[in-house]
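To be precise, the following lines are run-v1.cif, and they hold mmCIF, C-alpha atoms.
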```cif
data_data
#
loop_
_atom_site.label_atom_id
_atom_site.label_comp_id
_atom_site.auth_asym_id
_atom_site.auth_seq_id
_atom_site.Cartn_x
_atom_site.Cartn_y
_atom_site.Cartn_z
CA MET A 23 10.30 -0.79 -8.28
CA ASN A 24 7.49 1.67 -9.11
CA THR A 25 7.86 5.31 -10.23
CA ASN A 26 7.22 6.63 -6.71
CA ASN A 27 10.03 4.55 -5.25
CA ILE A 28 12.44 5.57 -8.02
CA LEU A 29 11.56 9.25 -7.43
CA ARG A 30 11.91 8.87 -3.66
CA ASN A 31 15.26 7.08 -3.83
CA GLY A 32 16.53 9.59 -6.39
CA LEU A 33 15.57 12.51 -4.14
CA LEU A 34 17.03 10.76 -1.10
CA ILE A 35 20.42 10.31 -2.81
CA LEU A 36 20.36 13.80 -4.31
CA SER A 37 19.48 15.41 -0.95
CA PHE A 38 22.17 13.44 0.87
CA VAL A 39 24.88 14.32 -1.67
CA LEU A 40 23.90 18.01 -1.86
CA MET A 41 23.62 18.34 1.94
CA THR A 42 27.08 16.80 2.38
CA VAL A 43 28.59 19.08 -0.28
CA SER A 44 26.85 22.12 1.24
CA LEU A 45 28.23 21.34 4.72
CA TYR A 46 31.71 21.03 3.24
CA LEU A 47 31.31 24.36 1.43
CA VAL A 48 29.93 26.14 4.53
CA PHE A 49 32.49 24.88 7.04
CA VAL A 50 35.63 24.36 4.90
CA PHE A 51 35.46 26.05 1.51
CA VAL A 52 33.79 29.44 1.90
CA PRO A 53 35.95 32.30 3.23
CA THR A 54 34.95 34.03 6.47
CA GLU A 55 33.20 37.33 5.90
CA ARG A 56 35.30 40.30 7.09
CA GLU A 57 32.74 42.33 9.04
CA MET A 58 30.43 39.72 10.55
CA GLY A 59 33.00 36.97 11.01
CA ILE A 60 32.16 33.30 11.44
CA VAL A 61 28.54 33.96 12.36
CA GLN A 62 27.87 35.07 8.76
CA ARG A 63 27.88 31.35 7.85
CA ILE A 64 24.40 31.12 9.41
CA PHE A 65 23.33 32.95 6.23
CA TYR A 66 23.72 29.66 4.28
CA LEU A 67 21.13 28.11 6.59
CA MET A 68 18.87 31.12 7.10
CA VAL A 69 18.27 31.77 3.39
CA PRO A 70 17.39 28.13 2.49
CA THR A 71 15.01 27.73 5.48
CA GLY A 72 13.36 31.04 4.57
CA TRP A 73 13.20 29.96 0.93
CA LEU A 74 11.41 26.73 1.90
CA ALA A 75 8.92 28.70 3.99
CA LEU A 76 8.02 30.63 0.82
CA LEU A 77 8.19 27.68 -1.60
CA SER A 78 5.92 25.61 0.65
CA PHE A 79 3.32 28.35 0.59
CA VAL A 80 3.47 28.66 -3.21
CA ILE A 81 2.78 24.91 -3.41
CA ILE A 82 -0.11 25.34 -0.93
CA PHE A 83 -1.49 28.10 -3.18
CA ILE A 84 -1.28 25.91 -6.30
CA GLY A 85 -2.82 22.92 -4.48
CA SER A 86 -5.58 25.10 -3.01
CA ILE A 87 -6.56 26.65 -6.34
CA LEU A 88 -6.62 23.26 -8.06
CA TYR A 89 -8.64 21.77 -5.18
CA LEU A 90 -11.28 24.48 -5.35
CA VAL A 91 -11.51 24.25 -9.14
CA LYS A 92 -11.36 20.47 -9.60
CA ARG A 93 -12.54 19.28 -6.16
CA ALA A 94 -10.10 16.36 -6.35
CA ARG A 95 -8.78 15.24 -2.97
CA LYS A 96 -5.22 14.80 -4.30
CA TRP A 97 -4.80 18.59 -4.55
CA ASP A 98 -5.91 19.08 -0.96
CA ILE A 99 -3.45 16.38 0.08
CA LEU A 100 -0.67 18.22 -1.80
CA ALA A 101 -1.54 21.56 -0.15
CA MET A 102 -1.90 20.05 3.33
CA SER A 103 1.39 18.12 3.02
CA SER A 104 3.21 21.26 1.91
CA ALA A 105 1.70 23.20 4.84
CA GLU A 106 2.96 20.62 7.33
CA ILE A 107 6.49 20.98 5.95
CA GLY A 108 6.17 24.74 5.51
CA ILE A 109 5.30 25.51 9.12
CA VAL A 110 8.37 23.57 10.28
CA PHE A 111 10.70 25.52 7.98
CA THR A 112 9.04 28.85 8.78
CA THR A 113 9.61 28.13 12.48
CA LEU A 114 13.23 27.21 11.73
CA ALA A 115 13.73 30.37 9.65
CA LEU A 116 12.46 32.48 12.56
CA ILE A 117 14.67 30.66 15.09
CA VAL A 118 17.78 30.75 12.89
CA GLY A 119 17.11 34.40 12.01
CA SER A 120 16.88 35.19 15.69
CA ILE A 121 20.17 33.41 16.43
CA TRP A 122 21.78 35.40 13.60
CA ALA A 123 20.27 38.70 14.80
CA ARG A 124 21.65 38.43 18.34
CA PRO A 125 25.38 38.84 17.52
CA ILE A 126 24.81 41.06 14.46
CA TRP A 127 22.11 43.47 15.68
CA GLY A 128 22.49 42.89 19.42
CA VAL A 129 18.87 41.75 19.85
CA TRP A 130 17.06 38.42 19.50
CA TRP A 131 14.08 40.04 17.82
CA THR A 132 13.17 43.37 16.26
CA TRP A 133 9.96 44.46 14.50
CA GLU A 134 11.81 44.88 11.23
CA PRO A 135 9.70 44.53 7.99
CA ARG A 136 11.10 41.20 6.79
CA LEU A 137 11.06 39.58 10.21
CA THR A 138 7.55 40.84 10.92
CA ALA A 139 6.27 39.64 7.51
CA THR A 140 7.83 36.21 8.16
CA LEU A 141 6.12 36.04 11.55
CA VAL A 142 2.84 36.93 9.81
CA LEU A 143 3.47 34.00 7.43
CA TRP A 144 3.88 31.72 10.46
CA PHE A 145 0.47 32.87 11.74
CA ILE A 146 -1.06 32.29 8.29
CA TYR A 147 0.25 28.71 8.40
CA LEU A 148 -1.31 28.38 11.84
CA ALA A 149 -4.63 29.75 10.52
CA TYR A 150 -4.48 27.20 7.69
CA PHE A 151 -4.43 24.35 10.20
CA MET A 152 -6.90 25.96 12.60
CA VAL A 153 -9.69 26.50 10.07
CA ARG A 154 -9.28 22.90 8.96
CA SER A 155 -9.45 21.45 12.45
CA LEU A 156 -12.34 23.67 13.55
CA ALA A 157 -14.58 22.85 10.58
CA THR A 158 -17.47 20.49 11.24
CA ASP A 159 -16.74 18.15 8.34
CA PRO A 160 -13.43 17.37 6.56
CA GLU A 161 -14.56 18.58 3.15
CA ARG A 162 -15.61 21.94 4.52
CA GLY A 163 -12.30 22.15 6.42
CA ALA A 164 -10.41 21.48 3.20
CA ARG A 165 -12.37 24.24 1.43
CA TYR A 166 -11.80 26.79 4.21
CA SER A 167 -8.10 26.03 4.46
CA ALA A 168 -7.80 26.28 0.66
CA ILE A 169 -9.21 29.82 0.92
CA VAL A 170 -6.59 30.65 3.58
CA GLY A 171 -3.98 29.07 1.29
CA ILE A 172 -5.00 31.39 -1.54
CA ILE A 173 -5.38 34.62 0.46
CA GLY A 174 -2.20 33.91 2.44
CA LEU A 175 -0.10 34.11 -0.71
CA VAL A 176 -0.35 37.91 -0.45
CA ASP A 177 2.33 37.73 2.24
CA ILE A 178 4.90 36.04 -0.04
CA PRO A 179 5.73 39.06 -2.28
CA ILE A 180 5.67 41.23 0.85
CA ILE A 181 8.39 39.06 2.40
CA ALA A 182 10.35 38.86 -0.85
CA LEU A 183 10.25 42.61 -1.50
CA SER A 184 10.30 43.85 2.10
CA THR A 185 14.00 44.75 2.05
CA THR A 186 13.52 46.80 -1.12
CA LEU A 187 10.17 48.44 -0.28
CA TRP A 188 10.85 49.47 3.32
CA ARG A 189 13.92 50.75 5.00
CA GLY A 190 14.85 48.32 7.74
CA ILE A 191 18.01 47.04 9.34
CA HIS A 192 17.82 43.79 7.39
CA PRO A 193 20.44 43.69 4.59
CA GLY A 194 19.07 44.41 1.11
CA PRO A 195 18.99 41.87 -1.73
CA VAL A 196 22.48 40.47 -2.35
CA ILE A 197 21.96 37.39 -4.53
CA PHE A 198 21.00 39.06 -7.81
CA SER A 199 22.74 42.38 -7.20
CA GLY A 200 26.26 40.96 -7.30
CA GLY A 201 26.74 41.60 -3.58
CA LEU A 202 28.17 38.16 -2.93
CA ALA A 203 31.67 36.96 -3.77
CA PRO A 204 31.67 33.93 -6.17
CA PRO A 205 32.58 31.35 -3.46
CA MET A 206 29.78 32.67 -1.25
CA LEU A 207 27.30 32.62 -4.12
CA LEU A 208 28.30 29.02 -4.96
CA THR A 209 27.87 27.94 -1.33
CA LEU A 210 24.48 29.61 -1.12
CA MET A 211 23.28 28.07 -4.40
CA VAL A 212 24.35 24.55 -3.35
CA SER A 213 22.64 25.02 0.05
CA LEU A 214 19.47 26.21 -1.67
CA ALA A 215 19.55 23.23 -4.04
CA ALA A 216 20.12 20.84 -1.11
CA PHE A 217 17.19 22.18 0.90
CA THR A 218 14.92 22.33 -2.17
CA SER A 219 15.67 18.71 -2.98
CA PHE A 220 15.04 17.82 0.68
CA TYR A 221 11.69 19.66 0.58
CA PHE A 222 10.52 17.60 -2.39
CA LEU A 223 11.66 14.41 -0.64
CA LEU A 224 9.62 15.32 2.45
CA LEU A 225 6.66 16.31 0.27
CA GLN A 226 6.78 12.96 -1.49
CA TYR A 227 6.78 11.16 1.87
CA LYS A 228 3.96 13.28 3.27
CA VAL A 229 1.74 12.83 0.19
CA SER A 230 2.42 9.11 0.17
CA ALA A 231 1.57 8.83 3.90
CA LYS A 232 -1.72 10.69 3.38
CA ASN A 233 -2.61 8.42 0.45
CA ASP A 234 -1.88 5.41 2.66
CA GLU A 235 -4.18 6.85 5.36
CA SER A 236 -6.95 7.17 2.76
CA LEU A 237 -6.37 3.58 1.65
CA ILE A 238 -6.58 2.40 5.28
CA ASN A 239 -9.91 4.18 5.72
CA THR A 240 -11.25 2.57 2.52
CA LEU A 241 -10.08 -0.89 3.64
CA ARG A 242 -11.68 -0.39 7.08
CA GLU A 243 -14.95 0.60 5.44
CA SER A 244 -14.84 -2.51 3.25
CA ILE A 245 -14.23 -4.73 6.30
CA LYS A 246 -17.07 -3.06 8.23
CA SER A 247 -19.52 -3.48 5.35
CA ARG A 248 -18.97 -7.27 5.17
CA MET B 22 36.24 32.21 16.53
CA GLU B 23 34.07 34.89 18.10
CA ASN B 24 30.36 34.03 18.06
CA ALA B 25 31.04 30.42 17.04
CA ALA B 26 28.46 29.26 19.60
CA TYR B 27 25.71 31.03 17.63
CA LEU B 28 26.78 29.31 14.43
CA PHE B 29 26.88 25.84 15.97
CA THR B 30 23.61 26.36 17.84
CA ALA B 31 21.84 27.35 14.61
CA TYR B 32 23.19 24.33 12.71
CA ALA B 33 22.51 21.96 15.63
CA ILE B 34 18.87 23.08 15.89
CA VAL B 35 18.20 22.80 12.16
CA TRP B 36 19.89 19.42 11.83
CA ALA B 37 18.15 18.04 14.92
CA VAL B 38 14.76 19.10 13.50
CA VAL B 39 15.63 17.74 10.04
CA PHE B 40 16.67 14.33 11.42
CA GLY B 41 13.69 14.26 13.78
CA PHE B 42 11.36 15.04 10.88
CA ILE B 43 12.86 12.25 8.75
CA LEU B 44 12.67 9.75 11.62
CA VAL B 45 9.02 10.55 12.35
CA LEU B 46 8.13 10.29 8.64
CA PHE B 47 9.96 6.97 8.16
CA ASN B 48 8.31 5.43 11.24
CA ARG B 49 4.87 6.71 10.27
CA GLN B 50 5.25 5.31 6.76
CA LYS B 51 6.39 1.94 8.14
CA LYS B 52 3.40 1.72 10.50
CA LEU B 53 0.96 2.69 7.75
CA ARG B 54 2.36 0.06 5.38
CA GLN B 55 2.09 -2.60 8.11
CA GLU B 56 -1.51 -1.61 8.80
CA ILE B 57 -2.37 -1.77 5.10
CA SER B 58 -0.91 -5.30 4.85
CA SER B 59 -2.79 -6.54 7.90
CA LEU B 60 -6.07 -4.98 6.72
CA LYS B 61 -5.64 -6.52 3.27
CA GLU B 62 -5.03 -9.91 4.87
CA LEU B 63 -8.10 -9.52 7.07
CA LEU B 64 -10.19 -8.52 4.08
CA GLN B 65 -9.02 -11.56 2.17
CA GLU B 66 -9.87 -13.82 5.11
CA ILE B 67 -13.44 -12.56 5.36
CA GLN B 68 -14.06 -12.72 1.59
CA PRO B 69 -17.35 -14.64 1.03
CA GLY B 70 -15.68 -17.29 -1.16
CA ASN B 71 -12.73 -17.83 1.19
CA LYS B 72 -12.90 -21.25 2.89
CA SER B 73 -9.83 -20.91 5.14
#
```

Step by step, read the file and then write its structure as structure tokens.
Amino acid sequence: MNTNNILRNGLLILSFVLMTVSLYLVFVFVPTEREMGIVQRIFYLMVPTGWLALLSFVIIFIGSILYLVKRARKWDILAMSSAEIGIVFTTLALIVGSIWARPIWGVWWTWEPRLTATLVLWFIYLAYFMVRSLATDPERGARYSAIVGIIGLVDIPIIALSTTLWRGIHPGPVIFSGGLAPPMLLTLMVSLAAFTSFYFLLLQYKVSAKNDESLINTLRESIKSR
Amino acid sequence: MENAAYLFTAYAIVWAVVFGFILVLFNRQKKLRQEISSLKELLQEIQPGNKS
């Protein structure tokens, strides 16, 4: 068994265990919040999906910088793989946020700073893929998307600080301000760990699939040249 | 249990997407590995020194 398989199996087991524990904590262990009621439990899903939307973009940023500096394809593969996962979790964060907003705020959507900044992030992800697919050759596409991956990072601190910088209806920061009761904080932390572990599992799969695609192209070229 | 439908809808959507994502990735990986094996076999067959 090679290192990749050990890492993959380790992440698979870790994700499965953490996801199971997090579901138990969300549906059995954590007390129901007094004001919002049962629907507050969406919070343990909304925060991790939002967190992965941000984490994915940070990985895109790192991959993009390293690709532009070193011009090694592996960094573009890392950034591209993270983008493919990131857009899924950004979409989920927007959908879950909307489902949460309906019973709490009475609307499915409002142009509130954090929600708007998250929607902007979704469009940045879209731009990342569009510039790549519209470029005339793959290398140029990789370069252009890397630039989007670097510039797009500007939106991450805006999302993170939006509840502090602007007055909106979105609740302010609760994790580090002691606004959560210990059982709620524990549930949130386990959910975050579960989704983070799952992200790295998906990333490992995506990178591996893209490496396999490259190997297939090389093998095809070798066959053609004979 | 007011608003329980919202809670279950949110979890159902996320879990459906998560499982769908895993399924697509597993299948893609399986197909790629199969293609690599068959291409390697083909390459070995057309090697100049291969008599078979």

Counting all atoms listed in the file, give me one row per residue of chain B with an atom at most 9 Å from an atom of chain A, showing the shortest contact pair and its distance in Å to one decimal, sorted by chain then residue number, as CSV.
```
residue,atom,partner,partner_atom,distance
B:Met22,CA,A:Ile60,CA,6.6
B:Glu23,CA,A:Ile60,CA,7.1
B:Asn24,CA,A:Val61,CA,6.0
B:Ala25,CA,A:Val61,CA,6.4
B:Ala26,CA,A:Val61,CA,8.6
B:Tyr27,CA,A:Ile121,CA,6.1
B:Leu28,CA,A:Val61,CA,5.4
B:Phe29,CA,A:Ile64,CA,8.8
B:Thr30,CA,A:Ile121,CA,8.0
B:Ala31,CA,A:Val118,CA,5.6
B:Tyr32,CA,A:Leu67,CA,7.5
B:Ile34,CA,A:Leu114,CA,8.1
B:Val35,CA,A:Leu114,CA,6.7
B:Val38,CA,A:Val110,CA,8.4
B:Phe42,CA,A:Leu224,CA,8.6
B:Ile43,CA,A:Leu224,CA,7.7
B:Leu46,CA,A:Tyr227,CA,7.0
B:Phe47,CA,A:Tyr227,CA,8.2
B:Arg49,CA,A:Ala231,CA,7.5
B:Gln50,CA,A:Ala231,CA,5.8
B:Leu53,CA,A:Asp234,CA,6.4
B:Arg54,CA,A:Asp234,CA,7.3
B:Glu56,CA,A:Ile238,CA,7.4
B:Ile57,CA,A:Ile238,CA,5.9
B:Leu60,CA,A:Leu241,CA,6.5
B:Lys61,CA,A:Leu241,CA,7.2
B:Leu63,CA,A:Ile245,CA,7.8
B:Leu64,CA,A:Ile245,CA,6.0
B:Ile67,CA,A:Arg248,CA,7.7
B:Gln68,CA,A:Arg248,CA,8.2
B:Pro69,CA,A:Arg248,CA,8.6
```

I'd like the box whose edges run along x, y and z of the file and which contains every listed atom of segment 48-64 of chain B, padded by 8 Å per side; could you state its centre and edge lengths in Å, one decimal, as AutoDock Vina command-line options?
```
--center_x -0.9 --center_y -1.6 --center_z 7.3 --size_x 34.5 --size_y 32.6 --size_z 24.0
```

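Between Val212 of chain A and the residues A:Asn26, A:Ile109, A:Val69, A:Gly32, the shortest atom-to-atom distance, using all atoms listed in the file, involves A:Val69.
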
Separation of atom CA of Tyr89 of chain A from atom CA of Thr112 of chain A, in Å and rounded to one decimal:
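So the two atoms, atom CA of Tyr89 of chain A and atom CA of Thr112 of chain A, lie 23.6 Å apart.
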
Atom CA of Pro179 of chain A and atom CA of Arg165 of chain A are how many Å apart?
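Between atom CA of Pro179 of chain A and atom CA of Arg165 of chain A the gap is 23.7 Å.
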
For the atom pair atom CA of Arg136 of chain A and atom CA of Thr185 of chain A, what is the interatomic distance in Å to one decimal place?
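Separating atom CA of Arg136 of chain A from atom CA of Thr185 of chain A is a distance of 6.6 Å.
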
For the point (7.4, 24.5, 3.8) in file coordinates, what residues are within 12 Å, counting only C-alpha atoms? Give the answer as a ChimeraX atom specification?
/A:70-83,100-115,143-144,147,217-218,220-225,228

Spatial neighbours of Leu90 of chain A, max dist 8 Å, all atoms listed in the file, sep filter under 3 positions, as a count of residues only:
5

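Between Leu34 of chain A and the candidates A:Val48, A:Ala216, A:Leu208, A:Leu148, the tightest atom-to-atom separation, counting all atoms listed in the file, involves A:Ala216.
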